[in-house]
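K.L.:
Dropping the structure in here first, questions after.
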Amino acid sequence: MGQYVIRRFLGFIPVLFTIALFTFVLMRAIPGGPFDSIGDKSLPPAVTANLEAKYHLDWPMWKQFLSYLVGDDILGEEGSSRGVIRGDLGPSLRYRSQSVNDIVATTFPTSAQLGLLSVILALLIGIPAGIIAALKQNTWLDYTATFGAVFFLSIPNLVLAPILIWIFALTFGWLPVAGWGAKPPFVLFFFPQLSVLLSWDYWARAIMPVFALGTAAAASIMRLTRASLLQVIREDYIRTARAKGLRERAVVVVHALKNSLIPVVTILGPLFAALVTGTFVVEQIFGINGMGKHFVQSVGNRDYGVITGVTLLFGVILVFANLLVDITYALLDPRIRFD
Amino acid sequence: MAVADIGVSETLVRKPRSLFEEAWIRLLRNRVAVISGVFIIVLTLVAIFADFLAPFDYAEQDLLLTNAVPEWMLRFMPAGAERYATISDKFPLGADHLGRDVLSRAMYGARVSLSFAVVASVVSLVVGTIYGMISGFVGGRVDNLMMRVVDFLYAFPFLIVVILMQTYFKALERRGGTSFIFDINDRMGGLFFLFIAIGLIDWIGMARIARGQVLQYKRMEFVEAARAVGASSTRIMGKHLFPNILGPLVVAESLNIPGYIFTEAFLSFIGLGVNAPTPSWGIMISEAVPGLRSYPNQVLVPAIALSLTTLAFNFLGDGLRDALDPRLKQ
């Protein structure tokens, strides 16, 4: 197991390196420099040259990339870059008083809360619904749950979000239209403080974005739980358990459920990726000041510094999420061996 | 007894059906799948003949009637809408903030969604199948190398790569160029680069499935027999293996289609999809969300179109899977 994890880690290095190289080169190759104009005015060439020198844009591409990757001091050059490997994502070209790190530090906690709550919601709805549908197979409960799952899988979050706002905020006025209830300081990097967690305002603002983000995930978890439980319940050891005279509840909870949830873990990887891109949409629509919203804005602003930095960060998060999923998978099922 | 005998002999006399016919009959019995199929056909016709069916051109503006709402819709609008909204029956489902007909734009929007879905699935099916079949059929060191490439690509966060490439392509577009590619892309409203971005990456899942299928079939007797009579590798792959593995591949691909439609809507939503004024449901939603409080109709029309389309593709995909492989049905 340990060996497997180490090997996977080593496998990340070329992947992450390629993502970094790809992102960096692609963004630098974009025609037109970031300092071509400020607003509608174009800058005098001398100013542009100075700015470009400050951000090392006059260096050859390979040197710029190395500076971005490992930092200026290792290269033996004057400069402020400490390199991606030491967690410096570089400057924002749009908000020049902020670095990409500053932007991430202020926006990531919100996105993380949103994502975490959505995963919890998806599991809380998806697993029980899947169990009920499987146990009551071919009854109206099963049909409703299965149909509901396809229905919610088919509604993209960029449709669900405005419809939720329209119904619950604008028509009935039960929930606030936009915003996020928690602000810094945060506990343990991204958890809101206890007083915030206990306030209605936090949850009132969280309900709609979390639902918009989590329902599709809940639907796919439900479908997978149902299918997997139906398969497990036909296994011999379940028949044995029943033959021993165990109560049905014990058979399901102790014997069937544990094994049937194993495939559900595998979906968490792709699910996580979907959640990340979901935050781009949901944060934008709900006006939540998270990393996703910032990313979308930087695409519009052509803030290539933020695009590069945030993409890289998302890439790292997704790659590690996949590893975590694989490890959990192995821990849950002793039959799976990595070697 | 006699009755049963007649029944048996009748079924024996019946002309044997091919696997494909059986699947077709099973599909037709699935009512939801049939309705979905009809919906998709109608939608496709609307998309193709939008020039004749749509009441207005998608880019035609009536600046006097921006955000216009038709009379009949007032009942469904927020209270007090008659005081702030321009009421006009010129546009059947209202006009957007630039005075363009929402219905016509939604109809043209089907073009973008459907053509993206078709191109993305054809590219992924063709490239993925060829790649996967060669890898599985040749085997050995070639297979190892080809699958390493796939594994490597698999580790990439797919959508992020698409976003990056689209950012790059959009920037190229803005600069403009003399190359004929820009011309094509321009005529397609920016779809061409979207096709390239998705086509470069999207085939890997299909390649894995195709390889797995080939591995399953290539040791079977019919392949050996074909080889024994001197068929070339290309012929064995094309004539003997391909028809056998096509079913599962098509099913897997049809279940991907809603994902492609999402992707296009998402990219258009964040401004990396098609170019204005080409309408896409994603763009329509993102443009209308700021005015959601006053003009929900502008969001709801593309939203409903998008949801119904993905719903139909999901139901049809499920139906196809059940029809082609009834064992999977639970």
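Ligands are numbered from 1 in the order shown, residues from 1 within each chain, and chains are lettered A, B, ... in the order they appear in the structure tokens.
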Would you give me, as CSV, each residue of chain A having an atom within 6 Å of an atom of chain B, along with its shortest atom pair and that distance in Å to one decimal, using only C-alpha atoms and sorting by chain and residue number?
P.N.:
residue,atom,partner,partner_atom,distance
A:Ile30,CA,B:Tyr168,CA,6.0
A:Ser154,CA,B:Leu311,CA,4.9
A:Ile155,CA,B:Ser307,CA,5.1
A:Val159,CA,B:Ala303,CA,5.2
A:Val296,CA,B:Ile270,CA,5.9
K.L.:
What's around Arg205 of chain A at 8 Å? Count only C-alpha atoms, leave out sequence neighbours fewer than 3 positions away in its own chain, and write the answer as a ChimeraX atom specification.
P.N.:
/A:175-181,201-202,208-209
K.L.:
So which bits of segment 63-302 of chain B end up strand (DSSP E or B) when you DSSP the backbone, as a list in words?
P.N.:
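Those residues are Val69, Ile87, Ala95 and Asp101 of chain B.
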K.L.:
Residues of the last selection are to be written out with N, CA and C atoms, as a short mmCIF file (atom, residue, chain, number, x, y, z; two decimals), in the first residue's frame.
P.N.:
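Written file, result_28.cif:
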data_model
loop_
_atom_site.label_atom_id
_atom_site.label_comp_id
_atom_site.auth_asym_id
_atom_site.auth_seq_id
_atom_site.Cartn_x
_atom_site.Cartn_y
_atom_site.Cartn_z
N VAL B 69 -42.42 41.89 -23.37
CA VAL B 69 -43.13 40.73 -22.85
C VAL B 69 -44.47 40.66 -23.57
N ILE B 87 -44.94 45.98 -23.15
CA ILE B 87 -45.83 44.89 -23.55
C ILE B 87 -46.03 44.94 -25.05
N ALA B 95 -38.76 39.35 -25.78
CA ALA B 95 -37.48 39.73 -26.38
C ALA B 95 -36.44 39.85 -25.27
N ASP B 101 -35.60 38.27 -30.47
CA ASP B 101 -36.67 37.34 -30.16
C ASP B 101 -36.14 36.12 -29.41
#
K.L.:
Go through segment 78-287 of chain B and collect every residue that DSSP, computed from the backbone, puts in alpha helix (DSSP H); the answer should be as a count of residues only.
P.N.:
153
